[in-house]
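Student: File name protein05.cif; file contents mmCIF, C-alpha atoms; full text below.
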data_input
loop_
_atom_site.label_atom_id
_atom_site.label_comp_id
_atom_site.auth_asym_id
_atom_site.auth_seq_id
_atom_site.Cartn_x
_atom_site.Cartn_y
_atom_site.Cartn_z
CA MET A 1 38.21 298.39 123.57
CA ARG A 2 41.93 298.28 122.84
CA ASN A 3 43.82 301.55 123.17
CA LEU A 4 46.67 301.54 120.61
CA THR A 5 47.21 305.31 120.49
CA ARG A 6 50.50 304.88 122.38
CA LEU A 7 51.89 302.20 120.07
CA LYS A 8 54.77 304.38 118.82
CA SER A 9 55.65 305.29 122.41
CA LEU A 10 55.77 301.62 123.34
CA GLN A 11 58.07 300.93 120.37
CA ALA A 12 60.33 303.75 121.52
CA LEU A 13 60.36 302.40 125.09
CA GLU A 14 61.18 298.84 124.05
CA ALA A 15 63.93 299.86 121.61
CA SER A 16 65.48 302.34 124.07
CA ALA A 17 65.56 299.69 126.80
CA ARG A 18 67.18 297.17 124.47
CA HIS A 19 69.83 299.58 123.19
CA GLY A 20 70.35 301.41 126.47
CA SER A 21 70.10 304.80 124.73
CA PHE A 22 67.84 306.97 122.60
CA VAL A 23 70.59 307.11 119.96
CA GLY A 24 70.60 303.34 119.44
CA ALA A 25 66.80 303.25 119.37
CA SER A 26 66.66 306.12 116.87
CA ALA A 27 68.80 304.23 114.34
CA GLU A 28 66.47 301.23 114.57
CA LEU A 29 63.24 303.25 114.38
CA ASP A 30 64.59 305.63 111.72
CA VAL A 31 63.77 308.79 113.65
CA THR A 32 65.93 311.31 115.51
CA PRO A 33 67.09 310.70 119.12
CA PRO A 34 65.06 313.71 120.38
CA ALA A 35 61.97 312.21 118.75
CA VAL A 36 62.55 308.92 120.59
CA GLY A 37 63.04 310.83 123.84
CA GLN A 38 59.81 312.74 123.32
CA LEU A 39 57.87 309.52 122.72
CA VAL A 40 59.27 308.01 125.92
CA ARG A 41 58.55 311.18 127.90
CA SER A 42 54.94 311.19 126.67
CA LEU A 43 54.59 307.65 128.01
CA GLU A 44 56.17 308.72 131.30
CA ASP A 45 53.65 311.57 131.55
CA TRP A 46 50.83 309.06 131.00
CA VAL A 47 52.01 306.52 133.63
CA GLY A 48 53.00 309.25 136.06
CA TYR A 49 56.62 308.28 136.84
CA PRO A 50 60.02 308.01 135.10
CA LEU A 51 60.49 304.78 133.15
CA PHE A 52 64.31 304.95 133.01
CA LYS A 53 67.14 305.66 135.38
CA ARG A 54 69.34 308.04 133.40
CA SER A 55 73.12 308.36 133.67
CA ARG A 56 75.50 310.66 131.81
CA SER A 57 78.19 308.08 130.99
CA GLY A 58 78.62 304.45 130.02
CA ALA A 59 77.62 302.40 127.00
CA GLU A 60 74.08 301.96 128.35
CA ARG A 61 72.93 305.32 129.74
CA LEU A 62 69.28 304.25 130.17
CA THR A 63 68.28 301.58 132.67
CA PRO A 64 64.57 300.64 133.00
CA VAL A 65 63.05 301.07 136.45
CA ASP A 66 61.62 297.93 138.05
CA GLU A 67 58.04 298.57 136.92
CA ALA A 68 59.15 299.15 133.32
CA GLN A 69 61.38 296.06 133.37
CA GLU A 70 58.43 293.91 134.44
CA ALA A 71 56.28 295.27 131.62
CA LEU A 72 58.90 295.11 128.85
CA GLU A 73 58.58 291.36 128.26
CA ASP A 74 54.85 291.71 127.60
CA ILE A 75 55.41 294.80 125.46
CA ALA A 76 58.09 293.05 123.37
CA GLN A 77 55.89 289.99 122.86
CA GLY A 78 52.97 292.20 121.87
CA LEU A 79 55.05 294.05 119.27
CA ASP A 80 56.30 290.75 117.90
CA LEU A 81 52.74 289.44 117.61
CA LEU A 82 51.67 292.59 115.77
CA GLU A 83 54.56 292.11 113.33
CA SER A 84 53.56 288.46 112.85
CA GLY A 85 49.96 289.47 112.19
CA LEU A 86 51.04 292.01 109.58
CA ARG A 87 53.13 289.34 107.88
CA LYS A 88 50.12 287.03 107.73
CA LEU A 89 48.02 289.81 106.20
CA ARG A 90 50.52 290.06 103.38
CA GLY A 91 49.92 286.38 102.68
CA ARG A 92 52.05 283.76 101.01
CA LYS A 93 53.91 286.27 98.87
CA ALA A 94 55.52 287.81 101.93
CA ARG A 95 59.22 287.10 102.29
CA SER A 96 61.18 287.17 105.52
CA VAL A 97 64.90 287.64 106.06
CA VAL A 98 67.06 285.98 108.69
CA VAL A 99 70.60 287.30 109.21
CA VAL A 100 72.95 284.47 110.20
CA THR A 101 76.45 285.01 111.54
CA ALA A 102 79.23 282.42 111.67
CA SER A 103 82.97 282.24 111.14
CA GLN A 104 84.46 282.22 107.66
CA ALA A 105 85.76 278.67 108.04
CA LEU A 106 82.46 277.26 109.30
CA VAL A 107 80.42 278.99 106.57
CA ALA A 108 82.73 277.85 103.77
CA ASN A 109 83.30 274.30 104.95
CA TRP A 110 80.10 273.31 106.75
CA LEU A 111 77.14 275.68 106.50
CA MET A 112 77.16 276.72 102.84
CA SER A 113 76.56 273.25 101.42
CA ARG A 114 73.55 272.77 103.71
CA LEU A 115 71.71 276.02 103.04
CA GLU A 116 69.96 274.65 99.97
CA ASP A 117 68.11 272.23 102.23
CA PHE A 118 66.88 275.13 104.39
CA SER A 119 65.73 277.07 101.31
CA SER A 120 63.78 274.07 100.05
CA LYS A 121 61.98 273.72 103.38
CA TYR A 122 61.38 277.45 103.90
CA PRO A 123 61.15 279.00 100.42
CA ASN A 124 59.78 282.32 101.74
CA VAL A 125 62.72 282.93 104.08
CA ASP A 126 65.85 284.55 102.66
CA VAL A 127 69.17 283.91 104.41
CA ARG A 128 71.74 286.67 104.67
CA LEU A 129 75.17 285.65 105.91
CA ASP A 130 77.28 287.89 108.13
CA VAL A 131 80.63 286.11 107.87
CA SER A 132 82.89 287.24 110.68
CA ASP A 133 85.45 285.75 113.02
CA ARG A 134 84.59 288.30 115.71
CA VAL A 135 81.75 287.69 118.15
CA ILE A 136 78.74 289.56 116.76
CA ASP A 137 76.51 291.21 119.39
CA LEU A 138 73.26 289.31 118.89
CA ALA A 139 71.65 290.85 121.95
CA GLN A 140 71.90 294.27 120.28
CA GLY A 141 70.57 293.03 116.95
CA GLU A 142 73.78 293.00 114.85
CA ALA A 143 72.49 289.69 113.48
CA ASP A 144 69.47 287.48 114.19
CA ILE A 145 71.09 284.14 114.93
CA GLY A 146 74.58 282.70 114.98
CA ILE A 147 76.66 279.56 115.16
CA ARG A 148 79.48 279.81 117.68
CA CYS A 149 82.20 277.48 118.80
CA GLY A 150 83.16 277.71 122.44
CA LEU A 151 82.16 276.66 125.92
CA GLY A 152 78.52 277.71 125.43
CA THR A 153 78.51 280.58 127.92
CA TRP A 154 77.65 283.87 126.22
CA LYS A 155 75.71 286.65 127.91
CA GLY A 156 72.42 287.90 126.54
CA VAL A 157 71.67 284.94 124.27
CA LYS A 158 70.16 281.48 124.44
CA SER A 159 72.68 278.77 123.52
CA THR A 160 71.56 275.40 122.12
CA TYR A 161 74.14 272.64 121.70
CA LEU A 162 74.65 271.53 118.10
CA MET A 163 77.64 269.19 117.97
CA GLY A 164 80.99 268.45 119.49
CA GLU A 165 84.37 268.98 117.91
CA GLU A 166 87.73 267.27 117.72
CA ILE A 167 91.13 268.12 116.32
CA ILE A 168 92.53 265.99 113.50
CA ALA A 169 95.74 265.97 111.49
CA VAL A 170 95.37 266.47 107.74
CA CYS A 171 97.48 267.04 104.65
CA HIS A 172 96.97 267.23 100.89
CA ASN A 173 96.89 263.81 99.25
CA ARG A 174 99.94 264.55 97.09
CA LEU A 175 102.10 264.88 100.20
CA LEU A 176 101.46 261.27 101.23
CA PRO A 177 104.55 259.04 101.12
CA THR A 178 104.59 256.33 98.47
CA ASP A 179 107.33 254.21 100.03
CA ARG A 180 106.40 254.14 103.70
CA GLU A 181 103.48 254.14 106.10
CA VAL A 182 102.17 257.36 107.61
CA THR A 183 103.40 257.38 111.21
CA SER A 184 103.94 259.99 113.88
CA GLY A 185 107.60 259.95 112.94
CA TRP A 186 106.82 260.74 109.30
CA ILE A 187 104.45 263.57 110.34
CA ALA A 188 107.12 265.10 112.61
CA GLU A 189 109.46 265.30 109.61
CA GLN A 190 107.01 267.37 107.56
CA THR A 191 106.36 271.11 107.52
CA LEU A 192 103.96 271.53 110.40
CA ILE A 193 101.33 274.25 110.16
CA HIS A 194 100.61 275.83 113.55
CA ASP A 195 97.28 277.57 114.26
CA GLY A 196 97.99 280.59 116.45
CA THR A 197 94.32 281.50 116.92
CA PRO A 198 93.45 281.76 120.65
CA HIS A 199 91.19 278.97 121.95
CA PRO A 200 90.72 279.83 125.66
CA GLY A 201 89.59 276.86 127.72
CA GLY A 202 89.23 274.65 124.66
CA ASP A 203 92.05 272.15 125.35
CA PHE A 204 93.34 272.46 121.77
CA PRO A 205 96.59 270.51 121.35
CA THR A 206 99.95 271.75 120.19
CA TRP A 207 101.83 269.66 117.68
CA SER A 208 104.12 268.36 120.45
CA GLU A 209 101.11 267.21 122.49
CA TRP A 210 99.37 265.59 119.53
CA LEU A 211 102.49 263.72 118.40
CA ALA A 212 103.14 262.51 121.93
CA ARG A 213 99.64 261.02 122.04
CA ALA A 214 100.27 259.46 118.63
CA GLY A 215 103.25 257.62 120.09
CA GLY A 216 105.96 259.70 118.51
CA ASN A 217 109.35 259.88 120.19
CA GLN A 218 110.59 262.69 117.98
CA ALA A 219 109.71 266.15 119.20
CA PRO A 220 108.89 268.52 116.36
CA ALA A 221 110.88 271.68 115.92
CA ASP A 222 109.32 275.02 116.76
CA GLY A 223 109.66 275.96 113.11
CA GLY A 224 107.19 275.32 110.37
CA LEU A 225 104.40 277.60 109.25
CA LYS A 226 102.71 279.66 111.97
CA ILE A 227 99.39 281.30 111.09
CA ASN A 228 97.01 283.31 113.28
CA SER A 229 93.91 282.43 111.24
CA THR A 230 92.10 279.09 111.27
CA ALA A 231 90.76 279.66 107.76
CA ALA A 232 94.28 280.34 106.51
CA VAL A 233 95.57 277.19 108.23
CA ILE A 234 93.03 275.15 106.28
CA ASN A 235 93.95 276.95 103.08
CA GLY A 236 97.59 276.14 103.75
CA ALA A 237 96.80 272.45 104.08
CA VAL A 238 94.68 272.49 100.90
CA ALA A 239 97.58 274.20 99.09
CA ALA A 240 99.90 271.33 100.18
CA ARG A 241 102.07 273.66 102.27
CA GLY A 242 102.33 271.12 105.08
CA VAL A 243 100.49 269.08 107.69
CA ALA A 244 97.92 270.87 109.84
CA LEU A 245 95.95 270.27 113.00
CA VAL A 246 92.41 271.45 112.27
CA ARG A 247 88.85 271.23 113.55
CA LYS A 248 87.18 268.25 111.96
CA ALA A 249 83.94 270.08 111.11
CA PHE A 250 85.90 272.59 109.06
CA VAL A 251 87.39 270.03 106.67
CA VAL A 252 84.63 267.43 106.28
CA GLN A 253 84.06 268.24 102.62
CA GLU A 254 87.77 268.33 101.78
CA VAL A 255 88.30 264.94 103.44
CA GLU A 256 85.24 263.41 101.79
CA SER A 257 86.44 264.65 98.40
CA GLY A 258 89.83 263.02 98.96
CA ARG A 259 91.78 266.23 98.50
CA LEU A 260 92.72 266.29 102.18
CA VAL A 261 93.61 263.09 103.99
CA HIS A 262 92.79 262.45 107.65
CA LEU A 263 96.12 261.21 109.02
CA MET A 264 96.20 258.53 111.74
CA PRO A 265 92.43 258.67 112.44
CA GLU A 266 92.91 256.35 115.40
CA VAL A 267 94.44 259.27 117.29
CA ARG A 268 91.44 261.07 118.84
CA TRP A 269 91.56 264.52 120.42
CA PRO A 270 88.07 265.75 121.38
CA VAL A 271 88.13 269.33 122.66
CA LYS A 272 86.04 271.12 125.25
CA TRP A 273 84.74 273.61 122.72
CA ALA A 274 81.56 272.67 120.89
CA TYR A 275 79.21 274.28 118.38
CA TYR A 276 76.11 276.09 119.56
CA VAL A 277 73.29 277.91 117.80
CA VAL A 278 72.78 281.21 119.63
CA ALA A 279 70.10 283.89 119.50
CA SER A 280 68.38 286.33 121.81
CA SER A 281 65.00 285.43 123.27
CA LYS A 282 63.47 288.35 121.39
CA ALA A 283 64.86 287.18 118.03
CA LEU A 284 63.63 283.63 118.59
CA ARG A 285 60.05 284.90 118.80
CA ARG A 286 60.24 285.78 115.11
CA TYR A 287 59.05 283.05 112.77
CA GLU A 288 62.03 283.10 110.42
CA VAL A 289 64.61 283.02 113.23
CA ASN A 290 62.84 280.21 115.05
CA ALA A 291 62.59 278.30 111.75
CA PHE A 292 66.33 278.57 111.14
CA HIS A 293 67.03 277.53 114.73
CA ALA A 294 64.80 274.46 114.41
CA TRP A 295 66.33 273.57 111.05
CA LEU A 296 69.90 273.78 112.34
CA THR A 297 69.21 271.53 115.29
CA SER A 298 67.49 269.01 113.01
CA VAL A 299 70.46 268.96 110.61
CA VAL A 300 72.85 267.73 113.29
CA ALA A 301 70.36 265.55 115.16
#
When written as structure tokens, how does the structure in this file appear?
Tutor:
Amino acid sequence: MRNLTRLKSLQALEASARHGSFVGASAELDVTPPAVGQLVRSLEDWVGYPLFKRSRSGAERLTPVDEAQEALEDIAQGLDLLESGLRKLRGRKARSVVVVTASQALVANWLMSRLEDFSSKYPNVDVRLDVSDRVIDLAQGEADIGIRCGLGTWKGVKSTYLMGEEIIAVCHNRLLPTDREVTSGWIAEQTLIHDGTPHPGGDFPTWSEWLARAGGNQAPADGGLKINSTAAVINGAVAARGVALVRKAFVVQEVESGRLVHLMPEVRWPVKWAYYVVASSKALRRYEVNAFHAWLTSVVA
């Protein structure tokens, strides 16, 4: 016979281990920190030994002992299965929510237009977007799943490659010359929009580097429009403020519409950064998160 009398204590243990504190677990379980501590202590009394190593400082003041760490994977999977069973009991009318995080530029220029396809395939899953240019802590449950651009090495999450990226030069169609061909020399004469957003390890080009590869013999001035936001750089190009170097994925729709023009497409600059779908192993055990993960990878396949 199954003994589920300690179910709440197991929930408290799993949440406390994940958050590293009773305070973090209490916010998730909607009880007070002392109540979480009491539930964990009752479980410790039952097993006969402390389940956490406790420290008085640091972001994570609770560290599971070896025996607890070995059991936590089974406990987490069991809680997830119970949640899945409850969802099935509610039947077809049950709706699930997946919280997706991505940068403002990626959501506006790539993800948003594709979400209708996800909704048609999974009508009982609602998508909530957490649009942020900072790295959301998925391991601590700030969101369920995310799309990140980088080298693919983030702690605490599983990263699945989606697609590569390259840098292209674009401008509004009304800036195009009517009496001459677009060349590197013509581009160097324009107002150049510089993206000051850090891209560590990405091999993103400066305007001088890009023009040199394009065969230009005229070095651009350091002037122009300098912006520390990729989304604002794109907006500047759309507003015909100048010529910009941008990530191709961010301007696909604008280029396809003809509003932005891909200048000198023969000049290729692939970068080391790529797009990845990221989520914690715990989140991926949930149906709605796994569904969104599978859908994303199929979209770019």
Student: Do a neighbour search on region 187-191 of chain A at 10 Å with all atoms listed in the file, toss out local chain neighbours closer than 6 positions, and write the hits as a tab-separated table (two decimals) with C-alpha atoms, in the frame of the given file.
Tutor:
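Result written to result_1.tsv:
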chain	number	residue	atom	x	y	z
A	169	ALA	CA	95.74	265.97	111.49
A	170	VAL	CA	95.37	266.47	107.74
A	171	CYS	CA	97.48	267.04	104.65
A	175	LEU	CA	102.10	264.88	100.20
A	176	LEU	CA	101.46	261.27	101.23
A	207	TRP	CA	101.83	269.66	117.68
A	208	SER	CA	104.12	268.36	120.45
A	211	LEU	CA	102.49	263.72	118.40
A	216	GLY	CA	105.96	259.70	118.51
A	217	ASN	CA	109.35	259.88	120.19
A	218	GLN	CA	110.59	262.69	117.98
A	219	ALA	CA	109.71	266.15	119.20
A	220	PRO	CA	108.89	268.52	116.36
A	221	ALA	CA	110.88	271.68	115.92
A	223	GLY	CA	109.66	275.96	113.11
A	224	GLY	CA	107.19	275.32	110.37
A	225	LEU	CA	104.40	277.60	109.25
A	240	ALA	CA	99.90	271.33	100.18
A	241	ARG	CA	102.07	273.66	102.27
A	242	GLY	CA	102.33	271.12	105.08
A	243	VAL	CA	100.49	269.08	107.69
A	244	ALA	CA	97.92	270.87	109.84
A	263	LEU	CA	96.12	261.21	109.02
A	264	MET	CA	96.20	258.53	111.74
Student: Check which residues satisfy the PyMOL selection byres ((chain A and resi 200) around 12) in the file shown, then give them as an MDAnalysis selection string.
Tutor: chainID A and resid 149:151 196:199 201:205 271:273
Student: Selected by the PyMOL selection byres ((chain A and resi 107-111) around 8) in the shown coordinates: which residues, as a PDB file with C-alpha atoms, in the coordinates of the input?
Tutor:
ATOM      1  CA  ALA A 102      79.230 282.420 111.670  1.00  0.00           C
ATOM      2  CA  SER A 103      82.970 282.240 111.140  1.00  0.00           C
ATOM      3  CA  GLN A 104      84.460 282.220 107.660  1.00  0.00           C
ATOM      4  CA  ALA A 105      85.760 278.670 108.040  1.00  0.00           C
ATOM      5  CA  LEU A 106      82.460 277.260 109.300  1.00  0.00           C
ATOM      6  CA  MET A 112      77.160 276.720 102.840  1.00  0.00           C
ATOM      7  CA  SER A 113      76.560 273.250 101.420  1.00  0.00           C
ATOM      8  CA  ARG A 114      73.550 272.770 103.710  1.00  0.00           C
ATOM      9  CA  LEU A 115      71.710 276.020 103.040  1.00  0.00           C
ATOM     10  CA  VAL A 131      80.630 286.110 107.870  1.00  0.00           C
ATOM     11  CA  ALA A 249      83.940 270.080 111.110  1.00  0.00           C
ATOM     12  CA  PHE A 250      85.900 272.590 109.060  1.00  0.00           C
ATOM     13  CA  VAL A 251      87.390 270.030 106.670  1.00  0.00           C
ATOM     14  CA  VAL A 252      84.630 267.430 106.280  1.00  0.00           C
ATOM     15  CA  GLN A 253      84.060 268.240 102.620  1.00  0.00           C
TER      16      GLN A 253
END
Student: Apply the PyMOL selection byres ((chain A and resi 146) around 6) to the displayed file and report the matching residues as a list in words.
Tutor: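 This file, filtered by the PyMOL selection byres ((chain A and resi 146) around 6), leaves Val100, Thr101, Ala102, Ile145, Ile147, Val277 and Val278 of chain A.
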Student: Here is a test: counting all atoms listed in the file, which residue of A:Leu43, A:Arg134, A:Gln38, A:Asp144 is nearest to Ser229 (chain A)?
Tutor: A:Arg134
Student: Measure the distance from CA of Ser9 (chain A) to CA of Asp66 (chain A) in Å and round it to one decimal.
Tutor: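 A separation of 18.3 Å between them.
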Student: So which one's closest to Gly164 (chain A), A:Gly24, A:Ser42, A:Tyr275, A:Val65? Using all atoms listed in the file, please.
Tutor: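 Distance minimum relative to Gly164 (chain A) lands on A:Tyr275.
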Student: Of the candidates A:Ala68, A:Glu165, A:Ala301, A:Pro33, which shows the shortest atom-to-atom distance to Tyr49 (chain A), using all atoms listed in the file?
Tutor: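 Closest to Tyr49 (chain A) of all the choices is A:Ala68.
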Student: Using only C-alpha atoms, which of the listed residues (A:Gly48, A:Gly152, A:Gly78, A:Pro64) sits closest to Arg286 (chain A)?
Tutor: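 The shortest atom-to-atom distance to Arg286 (chain A) comes from A:Gly78.
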Student: Step by step, gather every atom of region 156-162 of chain A that the file lists, find the box along x, y and z that holds them, add 3 Å on each side, and finally give centre and edge lengths in Å to one decimal, as lines of an AutoDock Vina configuration file.
Tutor:
center_x = 72.4
center_y = 279.7
center_z = 122.3
size_x = 10.5
size_y = 22.4
size_z = 14.4
Student: What does the distance from CA of Leu62 (chain A) to CA of Lys8 (chain A) come to in Å, to one decimal?
Tutor: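 Separation between CA of Leu62 (chain A) and CA of Lys8 (chain A): 18.4 Å.
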Student: For CA of Leu296 (chain A) and CA of Arg259 (chain A), quote the distance in Å rounded to one decimal.
Tutor: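 Pair CA of Leu296 (chain A) / CA of Arg259 (chain A) returns 27.0 Å.
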Student: I'd like the neighbourhood of region 29-32 of chain A as a list in words, where a residue qualifies if any of its atoms comes within 12 Å (using all atoms listed in the file), though same-chain residues fewer than 5 positions away should be ignored.
Tutor: Lys8, Ser9, Leu10, Gln11, Ala12, Leu13, Glu14, Ala15, Ser16, His19, Phe22, Val23, Gly24, Gly37, Gln38 and Leu39 of chain A
Student: Would you write out those residues with C-alpha atoms, as a PDB file, in the frame of the given file?
Tutor:
ATOM      1  CA  LYS A   8      54.770 304.380 118.820  1.00  0.00           C
ATOM      2  CA  SER A   9      55.650 305.290 122.410  1.00  0.00           C
ATOM      3  CA  LEU A  10      55.770 301.620 123.340  1.00  0.00           C
ATOM      4  CA  GLN A  11      58.070 300.930 120.370  1.00  0.00           C
ATOM      5  CA  ALA A  12      60.330 303.750 121.520  1.00  0.00           C
ATOM      6  CA  LEU A  13      60.360 302.400 125.090  1.00  0.00           C
ATOM      7  CA  GLU A  14      61.180 298.840 124.050  1.00  0.00           C
ATOM      8  CA  ALA A  15      63.930 299.860 121.610  1.00  0.00           C
ATOM      9  CA  SER A  16      65.480 302.340 124.070  1.00  0.00           C
ATOM     10  CA  HIS A  19      69.830 299.580 123.190  1.00  0.00           C
ATOM     11  CA  PHE A  22      67.840 306.970 122.600  1.00  0.00           C
ATOM     12  CA  VAL A  23      70.590 307.110 119.960  1.00  0.00           C
ATOM     13  CA  GLY A  24      70.600 303.340 119.440  1.00  0.00           C
ATOM     14  CA  GLY A  37      63.040 310.830 123.840  1.00  0.00           C
ATOM     15  CA  GLN A  38      59.810 312.740 123.320  1.00  0.00           C
ATOM     16  CA  LEU A  39      57.870 309.520 122.720  1.00  0.00           C
TER      17      LEU A  39
END
Student: Choose the residue, out of A:Ser26, A:Gln140, A:Asn228, A:Ser120, that has the smallest atom-to-atom separation from Ala283 (chain A); count only C-alpha atoms.
Tutor: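 Going through A:Ser26, A:Gln140, A:Asn228, A:Ser120 one by one, the smallest distance to Ala283 (chain A) is for A:Gln140.
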Student: Would you pick out the contacts of Val233 (chain A) at 8 Å or less, using all atoms listed in the file, so that residues sharing its chain but fewer than 5 positions from it are not included, and give the list as a list in words?
Tutor: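 The neighbour list is Ile193, His194, Asp195, Ile227, Ala244 and Val246 of chain A.
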Student: Could you tell me which of A:Asp130, A:Asp45, A:Glu166, A:Glu142 comes closest to Ser280 (chain A) if we count only C-alpha atoms?
Tutor: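 For Ser280 (chain A), the nearest of the candidates is A:Glu142.
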